[in-house]
$ cat start33.txt   # compact mmCIF, C-alpha atoms
# COMPACT_ATOMS: atom_id res chain seq x y z
CA MET A 1 2.80 -11.23 -14.98
CA VAL A 2 0.51 -11.71 -17.94
CA ILE A 3 1.63 -11.22 -21.56
CA PHE A 4 -1.17 -10.62 -24.06
CA ARG A 5 -2.33 -9.06 -27.31
CA THR A 6 -5.58 -7.29 -28.19
CA THR A 7 -8.01 -8.12 -30.98
CA GLU A 8 -8.83 -4.45 -31.67
CA ASN A 9 -7.36 -1.00 -31.07
CA ILE A 10 -8.63 0.50 -27.80
CA ASN A 11 -7.65 3.17 -25.25
CA ILE A 12 -8.22 3.07 -21.48
CA LYS A 13 -8.22 6.31 -19.48
CA THR A 14 -6.85 6.26 -15.91
CA THR A 15 -8.22 8.38 -13.06
CA ASP A 16 -5.61 11.08 -13.67
CA GLY A 17 -6.52 11.31 -17.35
CA THR A 18 -3.59 9.27 -18.70
CA LEU A 19 -4.43 7.27 -21.81
CA VAL A 20 -3.12 3.71 -22.00
CA LYS A 21 -3.22 2.74 -25.68
CA TYR A 22 -3.61 -0.81 -27.00
CA ASN A 23 -3.16 -1.60 -30.68
CA LYS A 24 -4.12 -4.77 -32.48
CA LEU A 25 -1.20 -7.16 -32.93
CA ARG A 26 1.02 -6.35 -35.89
CA ASN A 27 3.65 -8.72 -37.29
CA PRO A 28 2.67 -11.80 -35.22
CA SER A 29 5.89 -13.64 -36.06
CA ASN A 30 7.94 -11.02 -34.18
CA LEU A 31 7.53 -11.28 -30.41
CA PHE A 32 9.85 -8.31 -29.79
CA ASN A 33 6.83 -6.21 -30.56
CA GLU A 34 5.22 -2.87 -29.66
CA THR A 35 1.76 -4.47 -29.88
CA VAL A 36 2.41 -7.25 -27.36
CA TYR A 37 1.72 -6.11 -23.80
CA ILE A 38 2.75 -7.02 -20.27
CA THR A 39 0.76 -6.39 -17.09
CA THR A 40 -0.01 -7.96 -13.71
CA TYR A 41 -2.54 -10.72 -13.12
CA GLU A 42 -4.80 -8.32 -11.19
CA ASP A 43 -4.68 -5.62 -13.86
CA PHE A 44 -5.34 -8.18 -16.60
CA GLN A 45 -8.59 -9.21 -14.90
CA ASP A 46 -9.60 -5.54 -14.93
CA ILE A 47 -8.61 -5.15 -18.58
CA LYS A 48 -10.90 -8.04 -19.55
CA LYS A 49 -13.80 -6.37 -17.71
CA VAL A 50 -13.16 -3.03 -19.43
CA PHE A 51 -12.93 -4.66 -22.85
CA SER A 52 -16.16 -6.64 -22.37
CA ASN A 53 -17.99 -3.46 -21.31
CA VAL A 54 -16.94 -1.78 -24.55
CA GLY A 55 -18.00 -4.61 -26.88
CA ASP A 56 -17.68 -8.29 -27.72
CA LYS A 57 -15.09 -7.73 -30.44
CA TYR A 58 -12.60 -6.31 -27.90
CA ARG A 59 -10.65 -9.20 -26.44
CA ALA A 60 -7.33 -9.68 -24.66
CA ARG A 61 -5.60 -12.90 -25.73
CA VAL A 62 -2.93 -14.37 -23.46
CA LEU A 63 0.37 -15.32 -25.12
CA ASP A 64 2.90 -17.94 -24.06
CA GLU A 65 5.03 -16.20 -21.43
CA ILE A 66 7.99 -18.56 -21.83
CA LYS A 67 8.41 -17.66 -25.49
CA ILE A 68 8.67 -13.97 -24.58
CA ARG A 69 11.06 -14.66 -21.69
CA TYR A 70 13.39 -16.45 -24.13
CA LEU A 71 13.96 -13.20 -26.03
CA SER A 72 17.62 -12.23 -25.76
CA GLU A 73 16.59 -8.67 -24.90
CA PHE A 74 14.29 -9.72 -22.03
CA PRO A 75 15.46 -8.23 -18.69
CA LYS A 76 16.52 -10.40 -15.74
CA GLU A 77 14.00 -10.94 -12.95
CA LEU A 78 15.11 -9.98 -9.44
CA GLY A 79 13.79 -11.26 -6.13
CA ILE A 80 11.30 -14.12 -5.92
CA THR A 81 10.49 -15.19 -9.46
CA ASN A 82 6.91 -15.24 -10.74
CA ILE A 83 7.19 -17.41 -13.85
CA ASN A 84 4.00 -18.61 -15.58
CA GLU A 85 1.73 -17.05 -12.97
CA TYR A 86 -1.26 -16.88 -15.32
CA SER A 87 -1.12 -20.43 -16.63
CA LEU A 88 -0.44 -21.89 -13.18
CA THR A 89 -3.27 -19.91 -11.62
CA GLN A 90 -5.75 -20.82 -14.34
CA LYS A 91 -4.87 -24.51 -14.30
CA LEU A 92 -4.79 -25.02 -10.56
CA ASP A 93 -7.81 -22.82 -9.86
CA PHE A 94 -9.67 -25.17 -12.20
CA ASP A 95 -8.16 -28.30 -10.61
CA TYR A 96 -9.17 -27.18 -7.13
CA LYS A 97 -12.52 -25.63 -8.03
CA ASP A 98 -14.49 -28.44 -6.36
CA PHE A 99 -12.73 -28.00 -3.01
CA ASN A 100 -14.93 -25.88 -0.72
CA TYR A 101 -11.95 -24.76 1.38
CA ILE A 102 -10.15 -23.46 -1.68
CA GLU A 103 -13.22 -21.56 -2.83
CA LYS A 104 -13.60 -19.88 0.57
CA ASN A 105 -9.90 -19.15 1.00
CA LYS A 106 -8.71 -18.19 -2.49
CA ASN A 107 -5.82 -16.07 -1.26
CA GLU A 108 -4.52 -18.91 0.91
CA SER A 109 -4.86 -21.35 -2.00
CA LYS A 110 -2.50 -19.22 -4.12
CA THR A 111 0.31 -20.17 -1.76
CA LEU A 112 -0.09 -23.78 -2.88
CA TYR A 113 1.27 -23.06 -6.32
CA LEU A 114 2.74 -19.56 -6.54
CA ASN A 115 6.48 -19.42 -5.89
CA GLU A 116 7.51 -18.30 -2.41
CA GLU A 117 11.00 -19.76 -2.33
CA LYS A 118 13.61 -17.47 -0.81
CA ALA A 119 15.74 -15.55 -3.32
CA ASP A 120 19.21 -14.03 -2.96
CA LEU A 121 19.49 -10.62 -4.61
CA ASP A 122 23.31 -10.58 -4.38
CA LYS A 123 23.60 -13.85 -6.29
CA GLN A 124 21.13 -12.64 -8.91
CA LEU A 125 23.22 -9.51 -9.48
CA SER A 126 26.56 -11.28 -9.57
CA GLY A 127 28.23 -11.14 -12.96
CA THR A 128 26.50 -7.91 -13.98
CA LEU A 129 29.11 -5.79 -15.71
CA LYS A 130 27.04 -2.67 -16.35
CA GLN A 131 27.56 0.24 -13.98
CA ASP A 132 24.39 2.13 -14.91
CA ILE A 133 21.31 -0.03 -14.51
CA SER A 134 17.56 0.37 -14.92
CA LEU A 135 14.87 -1.54 -13.02
CA ILE A 136 11.16 -1.73 -13.77
CA ILE A 137 8.63 -2.83 -11.14
CA LEU A 138 5.32 -4.24 -12.38
CA GLY A 139 2.24 -3.59 -10.30
CA ASN A 140 1.16 -2.09 -6.99
CA LEU A 141 3.36 -2.71 -3.97
CA GLY A 142 0.43 -2.81 -1.57
CA LEU A 143 -3.26 -1.97 -1.69
CA THR A 144 -3.73 0.47 1.20
CA ILE A 145 -1.84 3.67 2.01
CA SER A 146 -0.23 1.91 4.99
CA GLU A 147 1.01 -0.94 2.83
CA MET A 148 2.35 1.40 0.16
CA ILE A 149 4.23 3.57 2.66
CA CYS A 150 5.85 0.40 4.03
CA SER A 151 6.70 -0.84 0.54
CA CYS A 152 8.37 2.51 -0.17
CA THR A 153 10.58 1.88 2.86
CA ALA A 154 11.55 -1.53 1.46
CA LEU A 155 12.12 0.07 -1.96
CA ARG A 156 14.45 2.65 -0.42
CA ILE A 157 16.48 -0.12 1.22
CA LEU A 158 16.59 -1.94 -2.14
CA TYR A 159 17.70 1.26 -3.90
CA GLN A 160 20.44 1.86 -1.33
CA LYS A 161 21.66 -1.71 -1.71
CA LEU A 162 21.76 -1.41 -5.50
CA SER A 163 23.47 1.99 -5.30
CA LYS A 164 26.38 0.44 -3.39
CA LYS A 165 26.99 -1.94 -6.29
CA PHE A 166 26.25 0.25 -9.31
CA LYS A 167 27.20 3.77 -10.35
CA SER A 168 23.61 4.78 -11.09
CA VAL A 169 20.24 3.10 -10.53
CA LYS A 170 17.00 4.09 -12.29
CA ILE A 171 13.78 2.65 -10.86
CA ASP A 172 10.46 2.98 -12.71
CA ILE A 173 7.14 1.68 -11.39
CA TYR A 174 4.16 0.72 -13.55
CA LEU A 175 0.99 0.60 -11.43
CA ASN A 176 -2.29 -1.25 -11.96
CA ALA A 177 -4.50 1.33 -13.64
CA SER A 178 -7.21 -0.23 -15.81
CA GLU A 179 -9.93 -0.08 -13.15
CA ASN A 180 -7.92 1.24 -10.21
CA LYS A 181 -10.01 4.14 -8.89
CA TYR A 182 -7.13 5.01 -6.56
CA TYR A 183 -4.52 5.21 -9.31
CA SER A 184 -4.00 8.98 -8.88
CA ARG A 185 -3.47 8.53 -5.13
CA ASP A 186 -1.16 5.55 -5.60
CA LYS A 187 0.87 7.40 -8.22
CA LEU A 188 1.21 10.39 -5.87
CA ILE A 189 2.57 8.18 -3.06
CA TYR A 190 5.30 6.60 -5.19
CA SER A 191 6.13 9.75 -7.16
CA ASN A 192 6.82 11.39 -3.82
CA GLN A 193 9.89 9.17 -3.27
CA THR A 194 13.10 10.85 -4.44
CA PHE A 195 14.71 7.58 -5.58
CA ILE A 196 11.84 6.70 -7.95
CA ASN A 197 12.51 7.93 -11.48
CA LYS A 198 9.04 7.52 -12.99
CA VAL A 199 5.58 6.21 -12.12
CA SER A 200 3.38 5.12 -15.02
CA ALA A 201 0.23 3.13 -15.77
CA LEU A 202 0.14 -0.48 -16.84
CA SER A 203 0.24 -2.06 -19.37
CA ILE A 204 3.67 -1.75 -21.00
CA ASP A 205 4.61 -3.10 -24.41
CA VAL A 206 7.27 -5.79 -24.72
CA LYS A 207 9.66 -3.63 -26.71
CA GLU A 208 9.72 -0.90 -24.03
CA PHE A 209 9.87 -3.50 -21.25
CA CYS A 210 12.97 -4.98 -22.84
CA SER A 211 14.75 -1.60 -22.62
CA TYR A 212 15.26 -2.28 -18.89
CA ASP A 213 18.09 -4.33 -17.40
CA PHE A 214 16.09 -5.89 -14.55
CA PHE A 215 12.49 -6.26 -13.43
CA ILE A 216 10.54 -7.15 -10.30
CA ASP A 217 7.09 -8.65 -10.75
CA ALA A 218 4.82 -7.51 -7.89
CA SER A 219 1.79 -9.32 -9.28
CA SER A 220 -0.21 -11.26 -6.64
CA VAL A 221 2.34 -10.65 -3.87
CA SER A 222 -0.48 -9.83 -1.43
CA LYS A 223 -1.73 -13.42 -1.91
CA ARG A 224 1.53 -14.99 -0.73
CA SER A 225 1.69 -16.47 2.76
CA TYR A 226 4.77 -14.41 3.67
CA TYR A 227 2.75 -11.23 3.05
CA SER A 228 0.39 -12.08 5.88
CA GLU A 229 3.02 -13.59 8.18
CA LEU A 230 5.64 -10.81 8.03
CA THR A 231 5.39 -7.08 8.58
CA HIS A 232 4.79 -5.33 5.27
CA ILE A 233 8.31 -3.89 5.19
CA ASP A 234 9.87 -7.32 5.79
CA ALA A 235 7.50 -9.00 3.32
CA TRP A 236 8.67 -6.70 0.53
CA LEU A 237 12.32 -7.11 1.48
CA TYR A 238 11.76 -10.88 1.31
CA LYS A 239 10.14 -10.48 -2.12
CA PHE A 240 13.12 -8.40 -3.31
CA GLY A 241 15.56 -11.15 -2.28
CA ILE A 242 16.92 -9.24 0.73
CA ASP A 243 17.35 -10.99 4.08
CA TYR A 244 15.11 -8.80 6.24
CA SER A 245 16.55 -10.27 9.45
CA LYS A 246 19.93 -8.74 8.57
CA VAL A 247 18.50 -5.26 8.04
CA PHE A 248 18.68 -3.20 11.24
CA GLU A 249 15.32 -2.04 12.60
CA SER A 250 16.74 1.49 12.65
CA GLU A 251 16.94 1.33 8.83
CA LYS A 252 13.25 0.49 8.46
CA TYR A 253 12.02 4.06 8.89
CA ASN A 254 9.49 5.67 6.58
CA THR A 255 10.21 8.65 4.36
CA ILE A 256 7.77 11.09 2.78
CA ASN A 257 9.12 14.01 0.79
CA ILE A 258 6.96 17.14 0.96
CA SER A 259 9.68 19.59 -0.06
CA ALA A 260 8.18 20.03 -3.54
CA TYR A 261 4.58 20.01 -2.28
CA LYS A 262 2.76 23.34 -2.35
CA PRO A 263 -0.18 23.41 0.07
CA LYS A 264 -3.06 25.76 -0.58
CA LYS A 265 -2.78 29.20 0.98
CA ASP A 266 -5.82 28.52 3.19
CA LEU A 267 -4.21 25.39 4.67
CA ILE A 268 -0.90 27.17 5.29
CA GLU A 269 -2.72 29.94 7.17
CA LYS A 270 -4.65 27.44 9.30
CA ILE A 271 -1.49 25.55 10.24
CA GLU A 272 0.39 28.79 11.06
CA LYS A 273 -2.50 29.90 13.27
CA LEU A 274 -2.45 26.53 15.05
CA ASN A 275 1.29 26.70 15.66
CA LEU A 276 0.93 30.14 17.23
CA LYS A 277 -1.38 28.59 19.84
CA GLY A 278 1.31 26.14 20.94
CA ASN A 279 1.15 22.34 21.10
CA THR A 280 -1.09 20.45 18.69
CA LEU A 281 -2.51 16.94 18.92
CA LEU A 282 -3.99 15.07 15.96
CA PHE A 283 -6.90 12.82 17.01
CA HIS A 284 -7.75 10.16 14.41
CA PRO A 285 -10.32 7.71 15.86
CA TYR A 286 -11.75 6.16 12.69
CA SER A 287 -10.51 3.76 10.02
CA ALA A 288 -12.06 2.63 6.74
CA ASN A 289 -12.22 -0.76 8.48
CA ILE A 290 -14.96 -0.54 11.10
CA THR A 291 -13.33 -3.21 13.30
CA LYS A 292 -10.30 -0.92 13.72
CA SER A 293 -12.36 2.19 14.51
CA ILE A 294 -13.30 3.53 17.92
CA PRO A 295 -17.12 3.43 18.19
CA LYS A 296 -18.58 6.89 17.56
CA GLU A 297 -19.94 7.68 21.05
CA ILE A 298 -16.78 6.44 22.74
CA ALA A 299 -14.62 8.47 20.34
CA ILE A 300 -16.59 11.66 21.08
CA ASN A 301 -16.39 11.11 24.85
CA LEU A 302 -12.66 10.45 24.53
CA LEU A 303 -12.24 13.70 22.59
CA ARG A 304 -14.07 15.65 25.30
CA GLU A 305 -11.87 14.10 28.00
CA LEU A 306 -8.70 14.96 26.08
CA LEU A 307 -9.83 18.59 25.79
CA ILE A 308 -10.35 18.75 29.56
CA LYS A 309 -7.22 16.86 30.61
CA MET A 310 -4.81 18.35 28.05
CA PRO A 311 -5.43 22.12 28.25
CA GLU A 312 -2.00 22.91 26.79
CA TYR A 313 -2.95 21.26 23.45
CA THR A 314 -5.12 22.26 20.52
CA ILE A 315 -6.76 19.07 19.25
CA VAL A 316 -7.03 18.64 15.48
CA SER A 317 -9.06 16.23 13.39
CA VAL A 318 -9.19 15.62 9.65
CA LEU A 319 -12.34 13.52 10.06
CA LYS A 320 -15.93 14.67 10.32
CA LEU A 321 -16.66 13.59 13.88
CA GLU A 322 -20.30 14.65 13.59
CA THR A 323 -20.41 16.42 16.90
CA LYS A 324 -20.84 19.94 18.18
CA ILE A 325 -17.98 20.83 20.48
CA ASP A 326 -17.96 24.45 21.46
CA ASP A 327 -14.26 24.75 22.24
CA ASP A 328 -11.75 26.86 20.35
CA ARG A 329 -9.11 24.22 21.14
CA TYR A 330 -10.82 21.74 18.79
CA ILE A 331 -10.12 22.34 15.10
CA ASP A 332 -11.71 20.43 12.19
CA LEU A 333 -9.39 20.35 9.14
CA SER A 334 -11.37 17.75 7.19
CA SER A 335 -12.14 20.20 4.37
CA SER A 336 -8.44 21.00 3.96
CA SER A 337 -7.24 17.40 3.65
CA GLN A 338 -7.97 16.55 0.02
CA ASN A 339 -5.16 14.16 -0.86
CA PHE A 340 -2.22 12.17 0.50
CA LEU A 341 0.20 15.11 0.53
CA ASP A 342 -2.32 17.45 2.20
CA TYR A 343 -2.76 14.94 4.98
CA SER A 344 0.98 14.29 5.26
CA TYR A 345 1.57 18.03 5.58
CA ILE A 346 -1.01 18.29 8.37
CA VAL A 347 0.47 15.31 10.23
CA SER A 348 3.99 16.73 9.86
CA SER A 349 2.81 19.94 11.54
CA MET A 350 1.50 18.22 14.69
CA SER A 351 3.26 17.98 18.05
CA LYS A 352 1.79 14.56 18.84
CA VAL A 353 -0.71 12.07 17.38
CA ILE A 354 -3.36 9.68 18.68
CA THR A 355 -4.66 7.28 16.03
CA VAL A 356 -6.22 3.91 15.46
CA ASN A 357 -4.53 1.42 13.13
CA THR A 358 -4.40 3.45 9.90
CA ALA A 359 -1.75 4.91 7.62
CA THR A 360 -1.54 7.84 10.06
CA TYR A 361 1.08 6.23 12.29
CA HIS A 362 3.21 5.29 9.28
CA ILE A 363 3.05 8.91 8.13
CA SER A 364 3.84 10.30 11.59
CA ASP A 365 6.89 8.03 11.74
CA ALA A 366 8.21 9.66 8.58
CA PHE A 367 8.15 13.04 10.35
CA PHE A 368 9.32 11.85 13.79
CA ILE A 369 6.00 12.74 15.45
CA PRO A 370 5.39 10.98 18.81
CA THR A 371 2.34 8.78 18.32
CA VAL A 372 0.06 6.53 20.36
CA VAL A 373 -1.53 3.83 18.18
CA ILE A 374 -4.70 2.07 19.33
CA PHE A 375 -4.89 -1.49 18.01
CA THR A 376 -7.56 -4.10 18.56
CA ASP A 377 -6.37 -7.52 19.68
CA SER A 378 -6.99 -8.77 16.11
CA ASN A 379 -3.92 -6.69 15.20
CA LEU A 380 -1.56 -8.39 17.65
CA ASP A 381 0.62 -9.46 14.73
CA GLU A 382 1.25 -5.79 13.93
CA ASN A 383 3.83 -3.92 15.92
CA THR A 384 5.64 -0.62 16.08
CA GLN A 385 9.10 -1.96 16.87
CA SER A 386 10.57 -0.27 13.80
CA TYR A 387 9.03 3.02 14.92
CA PRO A 388 10.76 4.29 18.09
CA LEU A 389 8.38 7.24 18.41
CA SER A 390 5.22 5.10 18.31
CA LYS A 391 3.69 3.29 21.28
CA ALA A 392 0.81 0.83 21.15
CA ILE A 393 -2.34 0.26 23.18
CA TYR A 394 -4.33 -2.92 22.53
CA VAL A 395 -8.10 -3.02 22.99
CA LYS A 396 -9.54 -6.47 23.68
CA ASP A 397 -12.49 -7.56 21.56
CA LYS A 398 -15.03 -8.88 24.09
CA SER A 399 -17.91 -9.34 21.63
CA LYS A 400 -19.67 -12.71 21.53
CA ASN A 401 -21.75 -13.95 18.61
CA PHE A 402 -24.80 -15.89 19.77
CA SER A 403 -26.12 -16.52 16.28
CA LYS A 404 -26.61 -20.22 15.48
CA PHE A 405 -26.54 -19.53 11.76
CA ILE A 406 -23.59 -19.45 9.38
CA PHE A 407 -24.22 -15.82 8.54
CA ARG A 408 -23.28 -13.03 10.94
CA SER A 409 -26.21 -11.36 12.71
CA GLU A 410 -25.26 -8.00 14.23
CA SER A 411 -28.29 -8.11 16.55
CA LEU A 412 -26.95 -11.29 18.15
CA ILE A 413 -23.47 -9.95 18.82
CA LEU A 414 -23.28 -9.01 22.50
CA HIS A 415 -20.71 -7.03 24.51
CA LYS A 416 -19.52 -5.53 21.22
CA PHE A 417 -18.19 -2.30 22.75
CA GLU A 418 -17.04 -3.49 26.17
CA GLY A 419 -13.39 -3.62 25.17
CA TRP A 420 -13.57 -0.04 23.84
CA ILE A 421 -15.33 1.17 26.99
CA GLU A 422 -12.24 0.10 28.93
CA LEU A 423 -10.05 2.40 26.80
CA LYS A 424 -9.13 5.21 29.19
CA SER A 425 -7.93 8.66 28.23
CA SER A 426 -5.60 8.62 31.25
CA LYS A 427 -3.69 5.65 29.81
CA ILE A 428 -3.31 7.39 26.44
CA ILE A 429 -2.15 10.64 28.07
CA LYS A 430 0.33 8.78 30.26
CA LEU A 431 1.90 7.21 27.15
CA LEU A 432 2.03 10.56 25.38
CA GLU A 433 3.82 12.08 28.34
CA THR A 434 6.63 9.48 28.10
CA PHE A 435 7.86 11.00 24.84

$ encode --input "start33.txt" --output "structure tokens"
Amino acid sequence: MVIFRTTENINIKTTDGTLVKYNKLRNPSNLFNETVYITTYEDFQDIKKVFSNVGDKYRARVLDEIKIRYLSEFPKELGITNINEYSLTQKLDFDYKDFNYIEKNKNESKTLYLNEEKADLDKQLSGTLKQDISLIILGNLGLTISEMICSCTALRILYQKLSKKFKSVKIDIYLNASENKYYSRDKLIYSNQTFINKVSALSIDVKEFCSYDFFIDASSVSKRSYYSELTHIDAWLYKFGIDYSKVFESEKYNTINISAYKPKKDLIEKIEKLNLKGNTLLFHPYSANITKSIPKEIAINLLRELLIKMPEYTIVSVLKLETKIDDDRYIDLSSSSQNFLDYSYIVSSMSKVITVNTATYHISDAFFIPTVVIFTDSNLDENTQSYPLSKAIYVKDKSKNFSKFIFRSESLILHKFEGWIELKSSKIIKLLETF
């Protein structure tokens, strides 16, 4: 976390139109103050950029975190503590600035000085007499949709654990928002969870922050070593102070609530028409990460083979596959998938799913949709063991880089698609038939 004040009054508008207001520090001698603010390390870096773009007189000044933490009203931190993150990061980034390895591997270097020591949530809660508690979570619990869906699963397990100990549990999340172009999407994902009371935009003033009983600081979690070594669900459980090895795999299922979601009439009609045809299969061959995506020509050929070999299915895509397929059993719903809930609704309506390594298989798990996930061998650390209705196929990367230079030359990478060429529709279909 970072605790700071501003030199001038200023407002920052989030992508959903929410105004986050900052007022110049009033009454400096009183740290229990509505004009002293708390945010994450990542969001603070964005705040400084926004302020500098507005004008030189707009500055964010960091305050001594320890002095604020000593306030009697300050809530208790749960899970792995994140004390003095800003000062430690600034000091040790400077100390190690001359080390080339550190410069090239900044995320790994954070593990040298950010706390990763195992915490025990039960011990941290012991002695709490209140029966109605409130918990605030600072920052984004993941950067991608996949990561956030998994963090919601860990949050649900945390909520259930707290609910066994306390009469009522209120959880509020304050997300990075200052320059987060995905804030609206992120807010929608967390607001969708029934156990989350409120989702708001960072920053939060100290006085409001102190109205909570407990807090979890999610700042810089993605830079911890455990975040890359564990599955995302287990990494967040570890962060929360819960022994992930003692949580049954059957409890690590995803949940997405679409009961309050109202799809557009056009989308409802399209889905109803699809269901009248019979079985539906979602085909999702591309990812935002090109290394996870099926190459375009191979994806199109695979689609054609699926249409021939699976005549009992209507094949659906929410991606523009840039191809002309004259077959009424291929439906393009890309124009109808405008946000996270639209896409979740479409996935929930499918009979089966074929996807590369994207959020799609996390969403399909939430709706118990049988899914075949196509991973590359760079994703061997990822698995679907928590998802009984998902089965994996691994594609071997056979590319070889013959460039003698440090930089990557695409023209000198040979055999780039050979692994994908070996991906057979028959193998995918055989796995789908086992469900």

$ closest_atom_pairs --input "start33.txt" --of "range 30-60 of chain A" --to "range 128-144 of chain A" --cutoff "9 Å" --atoms "only C-alpha atoms" --output "CSV"
residue,atom,partner,partner_atom,distance
A:Ile38,CA,A:Leu138,CA,8.8
A:Thr39,CA,A:Leu138,CA,6.9
A:Thr40,CA,A:Gly139,CA,6.0
A:Glu42,CA,A:Gly139,CA,8.5
A:Asp43,CA,A:Gly139,CA,8.0

$ residues_around --input "start33.txt" --residues "Ile258 in chain A" --least-positions-apart "2" --cutoff "10 Å" --atoms "only C-alpha atoms" --output "PyMOL selection string"
chain A and resi 192-193+255-256+260-263+341-342+344-345+348

$ residues_near_point --input "start33.txt" --point "(-2.8, 8.7, -6.2)" --cutoff "12 Å" --atoms "only C-alpha atoms" --output "PDB file with C-alpha atoms, in the coordinates of the input"
ATOM      1  CA  THR A  14      -6.850   6.260 -15.910  1.00  0.00           C
ATOM      2  CA  THR A  15      -8.220   8.380 -13.060  1.00  0.00           C
ATOM      3  CA  ASP A  16      -5.610  11.080 -13.670  1.00  0.00           C
ATOM      4  CA  ASN A 140       1.160  -2.090  -6.990  1.00  0.00           C
ATOM      5  CA  LEU A 143      -3.260  -1.970  -1.690  1.00  0.00           C
ATOM      6  CA  THR A 144      -3.730   0.470   1.200  1.00  0.00           C
ATOM      7  CA  ILE A 145      -1.840   3.670   2.010  1.00  0.00           C
ATOM      8  CA  MET A 148       2.350   1.400   0.160  1.00  0.00           C
ATOM      9  CA  LEU A 175       0.990   0.600 -11.430  1.00  0.00           C
ATOM     10  CA  ASN A 176      -2.290  -1.250 -11.960  1.00  0.00           C
ATOM     11  CA  ALA A 177      -4.500   1.330 -13.640  1.00  0.00           C
ATOM     12  CA  ASN A 180      -7.920   1.240 -10.210  1.00  0.00           C
ATOM     13  CA  LYS A 181     -10.010   4.140  -8.890  1.00  0.00           C
ATOM     14  CA  TYR A 182      -7.130   5.010  -6.560  1.00  0.00           C
ATOM     15  CA  TYR A 183      -4.520   5.210  -9.310  1.00  0.00           C
ATOM     16  CA  SER A 184      -4.000   8.980  -8.880  1.00  0.00           C
ATOM     17  CA  ARG A 185      -3.470   8.530  -5.130  1.00  0.00           C
ATOM     18  CA  ASP A 186      -1.160   5.550  -5.600  1.00  0.00           C
ATOM     19  CA  LYS A 187       0.870   7.400  -8.220  1.00  0.00           C
ATOM     20  CA  LEU A 188       1.210  10.390  -5.870  1.00  0.00           C
ATOM     21  CA  ILE A 189       2.570   8.180  -3.060  1.00  0.00           C
ATOM     22  CA  TYR A 190       5.300   6.600  -5.190  1.00  0.00           C
ATOM     23  CA  SER A 191       6.130   9.750  -7.160  1.00  0.00           C
ATOM     24  CA  ASN A 192       6.820  11.390  -3.820  1.00  0.00           C
ATOM     25  CA  VAL A 199       5.580   6.210 -12.120  1.00  0.00           C
ATOM     26  CA  SER A 200       3.380   5.120 -15.020  1.00  0.00           C
ATOM     27  CA  ALA A 201       0.230   3.130 -15.770  1.00  0.00           C
ATOM     28  CA  GLN A 338      -7.970  16.550   0.020  1.00  0.00           C
ATOM     29  CA  ASN A 339      -5.160  14.160  -0.860  1.00  0.00           C
ATOM     30  CA  PHE A 340      -2.220  12.170   0.500  1.00  0.00           C
ATOM     31  CA  LEU A 341       0.200  15.110   0.530  1.00  0.00           C
TER      32      LEU A 341
END

$ closest_residue --input "start33.txt" --among "A:Asp266, A:Asp326, A:Glu312, A:Glu147" --to "His362 in chain A" --atoms "all atoms listed in the file"
A:Glu147

$ closest_residue --input "start33.txt" --among "A:Phe367, A:Phe44, A:Trp236, A:Tyr394" --to "Lys424 in chain A" --atoms "all atoms listed in the file"
A:Tyr394

$ atom_distance --input "start33.txt" --atom1 "CA of Thr314 in chain A" --atom2 "CA of Thr358 in chain A"
21.6 Å

$ atom_distance --input "start33.txt" --atom1 "CA of Arg329 in chain A" --atom2 "CA of Ile315 in chain A"
6.0 Å

$ residues_around --input "start33.txt" --residues "Lys430 in chain A" --least-positions-apart "6" --cutoff "12 Å" --atoms "only C-alpha atoms" --output "count of residues only"
7

$ atom_distance --input "start33.txt" --atom1 "CA of Asp327 in chain A" --atom2 "CA of Lys292 in chain A"
27.3 Å

$ closest_residue --input "start33.txt" --among "A:Ala288, A:Val206, A:Val2, A:Ile149" --to "Asn84 in chain A" --atoms "all atoms listed in the file"
A:Val2
